[in-house]
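*Asks:* Provided below: upload12.cif, containing mmCIF, C-alpha atoms.
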```
data_query
loop_
_atom_site.label_atom_id
_atom_site.label_comp_id
_atom_site.auth_asym_id
_atom_site.auth_seq_id
_atom_site.Cartn_x
_atom_site.Cartn_y
_atom_site.Cartn_z
CA MET A 1 -11.76 10.83 27.81
CA ILE A 2 -10.99 7.18 27.17
CA LEU A 3 -13.00 5.45 24.44
CA ILE A 4 -13.65 1.70 24.40
CA LEU A 5 -14.72 0.08 21.15
CA ARG A 6 -16.69 -3.05 21.94
CA GLY A 7 -17.04 -5.83 19.39
CA LEU A 8 -15.24 -8.62 17.57
CA VAL A 9 -11.60 -7.48 17.69
CA VAL A 10 -9.15 -9.22 15.34
CA HIS A 11 -5.51 -8.50 14.49
CA THR A 12 -2.19 -10.20 13.70
CA PRO A 13 0.46 -8.86 16.06
CA LYS A 14 2.80 -11.69 14.95
CA ASN A 15 3.91 -12.97 11.56
CA PRO A 16 1.85 -16.05 10.52
CA PHE A 17 4.51 -17.04 8.00
CA ARG A 18 6.72 -17.75 11.03
CA GLU A 19 4.36 -18.45 13.93
CA THR A 20 1.25 -20.61 14.07
CA SER A 21 -0.55 -18.52 16.71
CA ALA A 22 -0.22 -15.15 14.96
CA LEU A 23 -3.95 -14.38 14.80
CA GLN A 24 -5.37 -12.84 17.98
CA ALA A 25 -9.12 -12.36 18.38
CA PHE A 26 -11.63 -11.44 21.07
CA SER A 27 -15.23 -12.38 20.23
CA ASP A 28 -16.62 -9.87 22.71
CA GLY A 29 -13.59 -7.67 22.76
CA GLY A 30 -12.66 -4.28 24.05
CA LEU A 31 -10.26 -1.84 22.45
CA ALA A 32 -9.39 1.07 24.73
CA ILE A 33 -8.15 4.30 23.14
CA ALA A 34 -6.48 7.07 25.13
CA GLU A 35 -4.95 10.18 23.58
CA GLY A 36 -5.01 8.59 20.14
CA ARG A 37 -3.17 5.42 21.22
CA ILE A 38 -4.13 1.84 22.02
CA ALA A 39 -4.37 1.70 25.81
CA ALA A 40 -5.68 -1.86 26.16
CA VAL A 41 -6.97 -4.78 24.12
CA GLY A 42 -8.67 -7.90 25.41
CA SER A 43 -12.08 -9.14 26.44
CA PHE A 44 -14.58 -6.32 26.91
CA ALA A 45 -15.13 -7.28 30.54
CA GLU A 46 -11.42 -7.00 31.33
CA VAL A 47 -10.92 -3.74 29.45
CA ALA A 48 -14.06 -2.19 30.98
CA ARG A 49 -12.82 -3.06 34.48
CA GLN A 50 -9.50 -1.43 33.68
CA PHE A 51 -11.20 1.81 32.56
CA PRO A 52 -14.48 2.05 34.54
CA GLY A 53 -15.31 5.61 33.47
CA ALA A 54 -14.68 5.18 29.76
CA ARG A 55 -17.17 5.96 27.02
CA VAL A 56 -18.22 2.81 25.16
CA GLN A 57 -18.97 2.58 21.43
CA ASP A 58 -20.97 -0.56 20.65
CA CYS A 59 -19.47 -2.14 17.50
CA ARG A 60 -20.80 -5.66 17.98
CA GLU A 61 -22.38 -5.71 14.53
CA GLY A 62 -19.39 -6.56 12.36
CA ILE A 63 -15.67 -6.66 13.05
CA LEU A 64 -12.92 -4.29 14.23
CA LEU A 65 -9.62 -4.48 12.35
CA PRO A 66 -6.45 -2.39 12.36
CA GLY A 67 -6.36 0.27 9.67
CA LEU A 68 -5.30 -1.28 6.37
CA VAL A 69 -1.91 -0.45 4.85
CA ASP A 70 -1.60 -0.07 1.07
CA THR A 71 2.02 -0.29 -0.07
CA HIS A 72 1.50 0.66 -3.73
CA VAL A 73 -1.23 2.90 -5.18
CA HIS A 74 -1.24 5.64 -7.85
CA TYR A 75 -3.03 8.86 -6.99
CA PRO A 76 -3.58 10.03 -10.62
CA GLN A 77 -5.08 6.70 -11.74
CA THR A 78 -8.41 6.44 -9.92
CA ARG A 79 -10.33 7.00 -13.14
CA VAL A 80 -8.23 4.51 -15.12
CA ILE A 81 -9.59 1.46 -13.23
CA GLY A 82 -11.25 -1.02 -15.59
CA ALA A 83 -9.23 -0.34 -18.76
CA MET A 84 -9.45 -3.86 -20.20
CA GLY A 85 -7.52 -5.63 -22.91
CA TYR A 86 -4.03 -4.13 -22.45
CA SER A 87 -0.63 -5.31 -21.33
CA LEU A 88 1.52 -2.99 -19.24
CA LEU A 89 3.27 -0.81 -21.81
CA ASP A 90 0.30 -0.25 -24.13
CA TRP A 91 -1.94 0.29 -21.08
CA LEU A 92 0.41 3.08 -20.04
CA GLU A 93 0.65 4.60 -23.51
CA LYS A 94 -3.02 4.48 -24.48
CA ARG A 95 -4.96 4.83 -21.24
CA THR A 96 -2.92 5.90 -18.25
CA LEU A 97 -0.33 8.45 -19.29
CA PRO A 98 -2.79 10.68 -21.22
CA LEU A 99 -4.86 11.03 -18.06
CA GLU A 100 -1.82 11.64 -15.91
CA ALA A 101 -0.77 14.44 -18.25
CA GLN A 102 -4.03 16.24 -17.44
CA LEU A 103 -2.87 16.79 -13.86
CA ALA A 104 -0.94 19.82 -15.07
CA ASP A 105 -4.35 21.42 -14.48
CA ASN A 106 -4.20 22.32 -10.80
CA LYS A 107 -7.98 22.44 -10.41
CA LEU A 108 -8.33 18.87 -11.71
CA ALA A 109 -5.40 17.74 -9.58
CA ARG A 110 -7.01 19.12 -6.43
CA GLU A 111 -10.31 17.41 -7.29
CA LEU A 112 -8.59 14.08 -7.92
CA ALA A 113 -6.52 14.36 -4.72
CA ARG A 114 -9.60 14.83 -2.55
CA GLU A 115 -11.39 12.04 -4.38
CA PHE A 116 -8.40 9.71 -3.98
CA VAL A 117 -8.00 10.30 -0.24
CA LYS A 118 -11.72 9.73 0.43
CA LEU A 119 -11.67 6.48 -1.55
CA LEU A 120 -8.75 5.20 0.50
CA LEU A 121 -10.61 5.92 3.75
CA ARG A 122 -13.90 4.49 2.50
CA ASN A 123 -12.07 1.24 1.82
CA GLY A 124 -10.49 1.14 5.26
CA THR A 125 -6.99 2.18 4.21
CA THR A 126 -5.42 4.45 6.81
CA THR A 127 -1.77 4.27 5.70
CA ALA A 128 -0.52 4.30 2.10
CA LEU A 129 2.66 4.48 0.06
CA VAL A 130 1.47 6.53 -2.90
CA PHE A 131 2.86 7.26 -6.34
CA GLY A 132 2.26 10.98 -6.72
CA SER A 133 2.03 12.96 -9.94
CA HIS A 134 4.70 13.97 -12.42
CA PHE A 135 3.72 17.56 -11.59
CA GLN A 136 4.90 19.36 -8.48
CA GLY A 137 1.60 21.18 -7.94
CA ALA A 138 -0.47 18.03 -8.26
CA THR A 139 1.76 16.19 -5.79
CA ALA A 140 1.41 19.09 -3.36
CA ASN A 141 -2.37 18.74 -3.71
CA LEU A 142 -2.09 15.08 -2.74
CA PHE A 143 -0.12 15.92 0.41
CA GLY A 144 -2.59 18.67 1.25
CA ALA A 145 -5.61 16.40 0.88
CA ALA A 146 -3.96 13.71 3.03
CA LEU A 147 -3.07 16.27 5.69
CA ASP A 148 -6.64 17.58 5.80
CA ALA A 149 -8.04 14.04 6.13
CA GLY A 150 -5.51 12.92 8.75
CA LEU A 151 -4.35 10.06 6.51
CA ARG A 152 -0.86 8.64 7.00
CA VAL A 153 0.74 8.99 3.56
CA ILE A 154 4.22 8.45 2.16
CA ALA A 155 4.42 9.89 -1.36
CA GLY A 156 6.59 11.73 -3.82
CA GLN A 157 6.65 13.51 -7.15
CA VAL A 158 7.16 10.99 -9.94
CA CYS A 159 10.26 11.69 -12.02
CA SER A 160 10.92 10.62 -15.60
CA ASP A 161 12.88 12.10 -18.48
CA ARG A 162 12.36 9.69 -21.39
CA LEU A 163 10.04 7.29 -23.23
CA LEU A 164 6.78 8.68 -21.85
CA LEU A 165 4.57 11.47 -23.13
CA PRO A 166 6.65 14.64 -23.56
CA GLN A 167 4.30 16.47 -21.15
CA LEU A 168 5.43 14.10 -18.39
CA HIS A 169 9.14 14.54 -18.95
CA THR A 170 11.34 16.77 -16.85
CA THR A 171 15.07 17.41 -16.60
CA PRO A 172 17.23 16.06 -13.78
CA GLU A 173 17.93 19.65 -12.67
CA GLN A 174 14.26 20.63 -12.56
CA SER A 175 13.29 17.39 -10.83
CA TYR A 176 15.88 17.99 -8.11
CA THR A 177 14.69 21.56 -7.52
CA GLU A 178 10.99 20.68 -7.42
CA GLN A 179 11.46 17.66 -5.18
CA LYS A 180 13.59 19.64 -2.73
CA MET A 181 10.75 22.13 -2.40
CA LEU A 182 8.23 19.36 -1.72
CA ILE A 183 10.54 17.71 0.83
CA ARG A 184 10.99 20.99 2.71
CA ARG A 185 7.26 21.65 2.68
CA PHE A 186 5.80 18.23 3.51
CA HIS A 187 8.31 15.65 4.75
CA GLY A 188 7.74 15.11 8.46
CA ARG A 189 4.72 17.39 8.56
CA GLY A 190 2.14 15.61 10.70
CA LYS A 191 1.89 12.06 9.41
CA LEU A 192 3.31 12.86 5.96
CA ARG A 193 6.57 11.45 4.67
CA TYR A 194 8.35 11.85 1.34
CA ALA A 195 9.34 9.04 -1.04
CA VAL A 196 11.76 9.51 -3.93
CA THR A 197 9.80 8.05 -6.84
CA PRO A 198 11.25 7.42 -10.31
CA ARG A 199 8.47 5.86 -12.35
CA PHE A 200 10.68 2.97 -13.43
CA ALA A 201 14.15 2.54 -14.87
CA LEU A 202 12.66 2.41 -18.37
CA SER A 203 11.67 6.10 -18.14
CA ALA A 204 14.57 7.35 -16.00
CA SER A 205 18.00 8.10 -17.43
CA GLU A 206 21.17 7.55 -15.44
CA ALA A 207 21.25 11.29 -14.76
CA MET A 208 17.73 11.11 -13.29
CA LEU A 209 18.65 8.14 -11.11
CA GLU A 210 21.66 10.13 -9.90
CA VAL A 211 19.24 12.86 -8.78
CA CYS A 212 17.34 10.22 -6.80
CA GLN A 213 20.61 9.10 -5.24
CA THR A 214 21.52 12.67 -4.28
CA LEU A 215 18.15 13.28 -2.62
CA LEU A 216 18.49 10.13 -0.54
CA GLN A 217 22.03 11.06 0.46
CA GLU A 218 20.92 14.54 1.49
CA HIS A 219 17.87 13.23 3.36
CA PRO A 220 18.64 9.73 4.74
CA ASP A 221 15.18 9.41 6.32
CA LEU A 222 13.35 9.60 2.97
CA HIS A 223 11.69 6.54 1.48
CA PHE A 224 12.22 5.17 -2.03
CA THR A 225 9.71 3.45 -4.27
CA THR A 226 9.44 2.43 -7.91
CA HIS A 227 8.52 -0.54 -10.13
CA LEU A 228 10.52 -3.72 -10.66
CA ASN A 229 10.18 -6.82 -12.88
CA GLU A 230 6.48 -6.31 -13.55
CA ASN A 231 6.28 -7.34 -17.19
CA THR A 232 8.57 -9.34 -19.47
CA GLU A 233 8.52 -6.71 -22.26
CA GLU A 234 9.40 -4.03 -19.72
CA ILE A 235 12.32 -6.13 -18.44
CA ARG A 236 13.69 -6.62 -21.97
CA THR A 237 13.50 -2.88 -22.68
CA VAL A 238 15.27 -2.00 -19.43
CA ALA A 239 18.04 -4.46 -20.29
CA GLU A 240 18.53 -2.70 -23.64
CA LEU A 241 18.61 0.75 -21.99
CA PHE A 242 21.14 -0.33 -19.35
CA PRO A 243 23.49 -2.74 -21.16
CA TRP A 244 25.92 -2.67 -18.23
CA SER A 245 23.35 -4.06 -15.75
CA LYS A 246 23.20 -7.76 -14.98
CA ASN A 247 19.54 -7.51 -13.97
CA TYR A 248 16.73 -4.98 -13.50
CA LEU A 249 17.42 -4.39 -9.81
CA GLN A 250 20.99 -3.40 -10.56
CA THR A 251 19.78 -0.35 -12.52
CA TYR A 252 18.67 1.03 -9.16
CA ASP A 253 21.31 -0.56 -6.96
CA ARG A 254 24.18 1.08 -8.83
CA PHE A 255 22.82 4.44 -7.66
CA GLY A 256 22.33 3.46 -4.03
CA LEU A 257 18.55 3.16 -4.31
CA VAL A 258 18.16 -0.35 -2.89
CA GLY A 259 17.96 -0.36 0.89
CA GLN A 260 15.81 -0.96 3.94
CA ARG A 261 13.57 2.04 3.13
CA SER A 262 12.99 0.89 -0.47
CA VAL A 263 9.75 -0.67 -1.69
CA PHE A 264 9.60 -2.15 -5.20
CA ALA A 265 6.21 -2.78 -6.74
CA HIS A 266 5.40 -6.16 -8.34
CA ASN A 267 8.65 -8.17 -8.79
CA VAL A 268 6.71 -10.82 -10.68
CA HIS A 269 9.74 -12.06 -12.66
CA PRO A 270 12.79 -11.83 -10.38
CA THR A 271 16.11 -13.58 -10.78
CA GLU A 272 17.82 -15.31 -7.87
CA PRO A 273 20.56 -12.65 -7.57
CA GLU A 274 17.84 -9.99 -7.30
CA LEU A 275 16.03 -11.88 -4.55
CA GLN A 276 19.32 -12.40 -2.72
CA ARG A 277 20.12 -8.70 -2.91
CA LEU A 278 16.65 -7.60 -1.77
CA ALA A 279 16.89 -9.90 1.23
CA GLU A 280 20.45 -8.86 2.03
CA VAL A 281 19.59 -5.16 2.41
CA ARG A 282 16.03 -5.79 3.72
CA ALA A 283 14.40 -3.98 0.82
CA ALA A 284 10.75 -4.91 0.30
CA VAL A 285 8.19 -5.69 -2.38
CA ALA A 286 4.64 -4.44 -2.82
CA HIS A 287 2.63 -7.45 -4.00
CA CYS A 288 -0.23 -6.29 -6.24
CA PRO A 289 -2.19 -9.45 -7.12
CA SER A 290 -5.23 -7.96 -8.87
CA SER A 291 -3.06 -5.73 -11.07
CA ASN A 292 -0.75 -8.62 -11.92
CA ALA A 293 -3.79 -10.57 -13.11
CA PHE A 294 -5.73 -7.72 -14.75
CA ILE A 295 -2.82 -6.47 -16.85
CA GLY A 296 -1.63 -10.03 -17.47
CA SER A 297 1.83 -9.61 -15.93
CA GLY A 298 1.92 -13.01 -14.23
CA ILE A 299 1.69 -14.65 -10.81
CA PHE A 300 3.76 -13.35 -7.93
CA PRO A 301 6.37 -15.98 -6.93
CA MET A 302 5.53 -15.80 -3.23
CA HIS A 303 7.23 -19.05 -2.33
CA ARG A 304 10.54 -17.82 -3.79
CA HIS A 305 10.29 -14.52 -1.89
CA LEU A 306 9.68 -16.43 1.33
CA ARG A 307 12.52 -18.84 0.62
CA PHE A 308 14.99 -15.98 0.16
CA GLY A 309 13.57 -14.01 3.07
CA VAL A 310 12.33 -11.02 1.04
CA ARG A 311 9.71 -8.94 2.87
CA PHE A 312 6.45 -8.16 1.07
CA ALA A 313 2.96 -6.80 1.71
CA LEU A 314 -0.15 -5.93 -0.30
CA GLY A 315 -0.70 -3.05 -2.71
CA SER A 316 -3.88 -2.21 -4.59
CA ASP A 317 -1.99 -0.67 -7.54
CA VAL A 318 -4.92 1.52 -8.52
CA GLY A 319 -5.47 1.91 -11.47
CA GLY A 320 -3.91 -1.26 -12.89
CA GLY A 321 -5.55 -2.98 -9.95
CA THR A 322 -9.28 -3.52 -9.72
CA GLY A 323 -10.10 -1.18 -6.83
CA PHE A 324 -8.95 0.24 -3.51
CA SER A 325 -10.02 -2.64 -1.26
CA LEU A 326 -7.15 -4.53 0.33
CA LEU A 327 -9.63 -7.23 1.33
CA LYS A 328 -10.09 -7.81 -2.39
CA GLU A 329 -6.32 -7.90 -2.83
CA GLY A 330 -6.09 -10.52 -0.09
CA LEU A 331 -8.64 -12.73 -1.83
CA THR A 332 -6.89 -12.31 -5.19
CA ALA A 333 -3.55 -13.20 -3.62
CA TYR A 334 -5.14 -16.31 -2.11
CA ILE A 335 -6.65 -17.41 -5.43
CA ALA A 336 -3.45 -16.78 -7.39
CA GLN A 337 -1.43 -18.87 -4.95
CA ARG A 338 -3.96 -21.70 -5.24
CA TYR A 339 -3.17 -22.18 -8.91
CA ALA A 340 0.49 -21.12 -8.90
CA GLN A 341 2.81 -24.02 -9.62
CA ASP A 342 4.58 -23.61 -6.28
CA GLY A 343 1.85 -21.62 -4.55
CA VAL A 344 1.78 -20.84 -0.84
CA ASN A 345 -1.15 -22.19 1.17
CA LEU A 346 -2.44 -18.91 2.57
CA THR A 347 -4.83 -18.73 5.52
CA PRO A 348 -7.07 -15.83 6.63
CA ALA A 349 -4.37 -14.91 9.17
CA HIS A 350 -1.82 -14.54 6.37
CA LEU A 351 -4.18 -12.30 4.41
CA LEU A 352 -4.90 -10.02 7.37
CA TYR A 353 -1.21 -9.79 8.19
CA LEU A 354 -0.33 -8.86 4.59
CA ALA A 355 -3.01 -6.16 4.59
CA THR A 356 -1.98 -4.64 7.93
CA GLN A 357 1.13 -5.42 9.97
CA ALA A 358 3.30 -6.58 7.04
CA GLY A 359 2.63 -3.31 5.22
CA ALA A 360 3.45 -1.31 8.33
CA GLU A 361 6.72 -3.18 8.73
CA ILE A 362 7.99 -2.67 5.19
CA LEU A 363 7.18 1.04 5.47
CA GLY A 364 9.19 1.34 8.68
CA LEU A 365 6.00 1.86 10.69
CA GLY A 366 5.80 -1.52 12.42
CA GLU A 367 5.97 0.07 15.86
CA GLU A 368 3.38 2.72 14.98
CA VAL A 369 0.50 1.00 13.13
CA GLY A 370 -0.56 -2.38 11.72
CA SER A 371 -1.94 -4.08 14.85
CA PHE A 372 -3.60 -3.29 18.16
CA ALA A 373 -0.41 -3.63 20.20
CA LEU A 374 -0.29 -1.32 23.20
CA GLY A 375 0.97 2.17 22.47
CA LYS A 376 0.37 2.06 18.73
CA ALA A 377 -1.68 4.69 16.95
CA ALA A 378 -5.39 3.91 17.24
CA ASP A 379 -6.10 3.50 13.52
CA VAL A 380 -9.19 1.28 13.51
CA VAL A 381 -11.68 0.12 10.89
CA TRP A 382 -15.19 -1.06 11.73
CA LEU A 383 -16.61 -3.26 8.97
CA LYS A 384 -20.24 -4.38 8.89
CA PRO A 385 -21.89 -6.88 6.55
CA GLU A 386 -24.63 -5.50 4.34
CA GLU A 387 -28.14 -6.37 5.46
CA ARG A 388 -29.56 -9.63 4.05
CA SER A 389 -26.20 -10.46 2.43
CA THR A 390 -24.41 -13.79 2.37
CA LEU A 391 -21.75 -12.25 4.58
CA GLU A 392 -24.37 -11.28 7.17
CA VAL A 393 -25.50 -14.92 7.27
CA HIS A 394 -21.90 -15.96 7.90
CA PHE A 395 -21.49 -13.40 10.69
CA ARG A 396 -24.60 -14.80 12.38
CA GLN A 397 -23.76 -18.48 11.93
CA LEU A 398 -19.99 -18.98 12.03
CA ASP A 399 -18.40 -19.70 15.39
CA SER A 400 -14.76 -19.77 14.30
CA VAL A 401 -13.11 -16.36 13.99
CA GLU A 402 -10.73 -17.69 11.36
CA GLN A 403 -13.65 -19.00 9.27
CA LEU A 404 -15.42 -15.68 9.65
CA LEU A 405 -12.28 -13.81 8.60
CA GLY A 406 -12.04 -16.07 5.56
CA SER A 407 -15.63 -15.20 4.71
CA LEU A 408 -14.85 -11.50 5.10
CA PHE A 409 -12.04 -11.68 2.54
CA THR A 410 -14.06 -13.91 0.21
CA LEU A 411 -17.25 -11.84 0.40
CA HIS A 412 -15.51 -8.48 0.77
CA GLY A 413 -17.93 -6.87 -1.67
CA GLU A 414 -20.70 -7.35 0.88
CA ALA A 415 -18.74 -5.66 3.67
CA LYS A 416 -19.19 -1.95 4.28
CA VAL A 417 -16.64 0.23 6.02
CA HIS A 418 -18.96 1.69 8.63
CA LYS A 419 -16.50 3.84 10.56
CA VAL A 420 -12.79 4.63 10.57
CA TRP A 421 -10.81 6.05 13.47
CA LEU A 422 -7.49 7.79 12.82
CA GLU A 423 -5.45 8.09 15.99
CA GLY A 424 -8.68 7.64 17.93
CA ARG A 425 -10.65 10.30 16.07
CA GLU A 426 -13.55 9.29 13.85
CA ALA A 427 -12.77 10.25 10.25
CA PRO A 428 -15.56 11.65 8.04
CA LEU A 429 -16.20 9.25 5.17
CA ASP A 430 -18.57 11.47 3.19
#
```
Kindly transcribe the structure held in the file into structure tokens.
*Replies:*
Amino acid sequence: MILILRGLVVHTPKNPFRETSALQAFSDGGLAIAEGRIAAVGSFAEVARQFPGARVQDCREGILLPGLVDTHVHYPQTRVIGAMGYSLLDWLEKRTLPLEAQLADNKLARELAREFVKLLLRNGTTTALVFGSHFQGATANLFGAALDAGLRVIAGQVCSDRLLLPQLHTTPEQSYTEQKMLIRRFHGRGKLRYAVTPRFALSASEAMLEVCQTLLQEHPDLHFTTHLNENTEEIRTVAELFPWSKNYLQTYDRFGLVGQRSVFAHNVHPTEPELQRLAEVRAAVAHCPSSNAFIGSGIFPMHRHLRFGVRFALGSDVGGGTGFSLLKEGLTAYIAQRYAQDGVNLTPAHLLYLATQAGAEILGLGEEVGSFALGKAADVVWLKPEERSTLEVHFRQLDSVEQLLGSLFTLHGEAKVHKVWLEGREAPLD
């Protein structure tokens, strides 16, 4: 049975940083779904004529968007959100790492995994690159919860062997063994993929980074993710730990960890050689604007990334970030660029692209999700404004789709994720 979703359909099948007509919208649109894939998109009248016997879901209250793509989020940190008054390293030491150490308890890990997956879906996120746990069992619980929910997740067991809590340390040999087991069990299972995930160079010895290199050599289709140039104190410490490195990125690059399947979170304080290298190998950056502001790391140099041709997309960075909503991240990115010295003049089309198609592209999923292009997986989010809210007034009064989209990002707190479809199947949000 073919399903047609009828309503305001909006997506960015093209890159607005390169093309002026990247935003595509249909005010009374139709989105046809067949066997979990996008079968047609256009005006409702045209799509209905194409599929005369289809079932129609009326979604005209609100807006239909592609499923959102979060390129950096921490599964163990849901309950850390809102820890005020810290910079990165003391935030880790005093608030975050003690909670992460509790995930040695498998019962708690399972509870947090289910909670985490539901919160992603309730915020419209259907694809995510996730930092797992330092514990093998807890990371397996994350994969299991994502599999049960039908969420598209790329994740891995976090590996560190120094300068954290002792409970979070492992040995290179143990990390290799445990990660191999997780790869065999989950990588390529349904919509799950594995990402080799050292926490950051500060907490990973050269021997641990060699383990990461070996795993990528043995499994070339794995992803890689970690942190980079988030905080000036962090950068100084990494330079002391790796005296041979010319910059932070080189601590990873020496071990073959910088490539097209690599995503580095933050990169708030990059050097020109680092930007050149990222662009050269088509590695990407997860831009986490609310976390950068909340922890006081700085403003993302978006203009410099664009100038060098470095790919980037949005990440919520829960729990340094201020919540799971990528609409909120879009607004925060917009505001930060408004007062950055060389800020980029972002439009609603840019924000939607960064929350959807850009994320899909840097995760190697650009042909699978991120827009409503024909043949892609039918991951769809239906957002509705809350009754009697300012956003509802805007939905009733605004004629321009771009203005309405700007209102959606600005007033995101008044938008409710009403339904989510994963490959054409409605996902339970309760």
*Asks:* What would the selection look like, as a ChimeraX atom specification, if the PyMOL selection byres ((chain A and resi 279-284) around 9) were run on the coordinates I just shared?
*Replies:* /A:258-265,274-278,285-286,305,308-313,362-363
*Asks:* Would you mind exporting the chosen residues as a PDB file, keeping the file's coordinate frame, restricted to C-alpha atoms?
*Replies:*
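Result file is result.pdb:
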```pdb
ATOM      1  CA  VAL A 258      18.160  -0.350  -2.890  1.00  0.00           C
ATOM      2  CA  GLY A 259      17.960  -0.360   0.890  1.00  0.00           C
ATOM      3  CA  GLN A 260      15.810  -0.960   3.940  1.00  0.00           C
ATOM      4  CA  ARG A 261      13.570   2.040   3.130  1.00  0.00           C
ATOM      5  CA  SER A 262      12.990   0.890  -0.470  1.00  0.00           C
ATOM      6  CA  VAL A 263       9.750  -0.670  -1.690  1.00  0.00           C
ATOM      7  CA  PHE A 264       9.600  -2.150  -5.200  1.00  0.00           C
ATOM      8  CA  ALA A 265       6.210  -2.780  -6.740  1.00  0.00           C
ATOM      9  CA  GLU A 274      17.840  -9.990  -7.300  1.00  0.00           C
ATOM     10  CA  LEU A 275      16.030 -11.880  -4.550  1.00  0.00           C
ATOM     11  CA  GLN A 276      19.320 -12.400  -2.720  1.00  0.00           C
ATOM     12  CA  ARG A 277      20.120  -8.700  -2.910  1.00  0.00           C
ATOM     13  CA  LEU A 278      16.650  -7.600  -1.770  1.00  0.00           C
ATOM     14  CA  VAL A 285       8.190  -5.690  -2.380  1.00  0.00           C
ATOM     15  CA  ALA A 286       4.640  -4.440  -2.820  1.00  0.00           C
ATOM     16  CA  HIS A 305      10.290 -14.520  -1.890  1.00  0.00           C
ATOM     17  CA  PHE A 308      14.990 -15.980   0.160  1.00  0.00           C
ATOM     18  CA  GLY A 309      13.570 -14.010   3.070  1.00  0.00           C
ATOM     19  CA  VAL A 310      12.330 -11.020   1.040  1.00  0.00           C
ATOM     20  CA  ARG A 311       9.710  -8.940   2.870  1.00  0.00           C
ATOM     21  CA  PHE A 312       6.450  -8.160   1.070  1.00  0.00           C
ATOM     22  CA  ALA A 313       2.960  -6.800   1.710  1.00  0.00           C
ATOM     23  CA  ILE A 362       7.990  -2.670   5.190  1.00  0.00           C
ATOM     24  CA  LEU A 363       7.180   1.040   5.470  1.00  0.00           C
TER      25      LEU A 363
END
```
*Asks:* Please write as a list in words the full residue list that the PyMOL selection byres ((chain A and resi 5) around 7) yields on this file.
*Replies:*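 For this structure, the PyMOL selection byres ((chain A and resi 5) around 7) captures Leu3, Ile4, Arg6, Gly7, Gly30, Leu31, Ala32, Val56, Gln57, Asp58 and Cys59 of chain A.
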*Asks:* Which residue out of A:Thr347, A:Gln217, A:Thr71, A:Ser400 has the minimum interatomic distance to Asp317 of chain A when all atoms listed in the file are used?
*Replies:*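 Of A:Thr347, A:Gln217, A:Thr71, A:Ser400, the one nearest Asp317 of chain A, counting all atoms listed in the file, is A:Thr71.
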*Asks:* Go through A:Val9, A:Pro428, A:Pro66, A:His269 and flag the residue nearest Lys118 of chain A, using only C-alpha atoms for the distances.
*Replies:*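 The answer is A:Pro428, which sits nearest to Lys118 of chain A.
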*Asks:* Which residues would end up in the selection if the PyMOL selection byres ((chain A and resi 366-374) around 8) were applied here, given that I need the answer as a PyMOL selection string?
*Replies:* chain A and resi 11-13+37-41+66-69+356-365+375-379
*Asks:* Pick out the closest residue to Tyr353 of chain A from this set: A:Leu257, A:Val153, A:Leu23, A:Ala128. Count all atoms listed in the file.
*Replies:*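 The answer is A:Leu23, which sits nearest to Tyr353 of chain A.
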*Asks:* Can you work out the spacing between atom CA of Ala48 of chain A and atom CA of Met1 of chain A in Å, to one decimal?
*Replies:*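 Taking atom CA of Ala48 of chain A as the start and atom CA of Met1 of chain A as the end point, the length is 13.6 Å.
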*Asks:* Measuring between only C-alpha atoms, which one of A:Ala145, A:Leu228, A:Val211, A:Leu354 shows the shortest distance to Asp161 of chain A?
*Replies:*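 Using only C-alpha atoms, the shortest distance to Asp161 of chain A belongs to A:Val211.
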*Asks:* In Å, with one decimal, what is the gap from atom CA of Asp253 of chain A to atom CA of Val238 of chain A?
*Replies:*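 For atom CA of Asp253 of chain A relative to atom CA of Val238 of chain A, the distance reads 13.9 Å.
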*Asks:* Measuring between only C-alpha atoms, which one of A:Leu142, A:Leu119, A:Cys159, A:Val417 shows the shortest distance to Pro198 of chain A?
*Replies:*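 Looking at the shortest contact to Pro198 of chain A, the residue is A:Cys159.
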*Asks:* In file coordinates, which residues lie within 12 Å of (16.5, 2.8, -7.9) using only C-alpha atoms, given as a ChimeraX atom specification?
*Replies:* /A:159,195-216,223-228,248-259,261-265,283
*Asks:* Work out how far atom CA of Leu88 of chain A is from atom CA of Glu329 of chain A, in Å to one decimal.
*Replies:*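 Those two atoms sit 18.8 Å apart.
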*Asks:* Excluding Gly190 of chain A and any residue of its chain fewer than 4 positions from it, enumerate the residues within 12 Å of it, using all atoms listed in the file, and give them as a ChimeraX atom specification.
*Replies:* /A:143-144,146-154,185-186,194,423
*Asks:* Pick the closest to Pro348 of chain A from A:Gly319, A:Gly424, A:Gly330, A:Gly296: which is it, counting all atoms listed in the file?
*Replies:*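 Among A:Gly319, A:Gly424, A:Gly330, A:Gly296, it is A:Gly330 that comes nearest to Pro348 of chain A.
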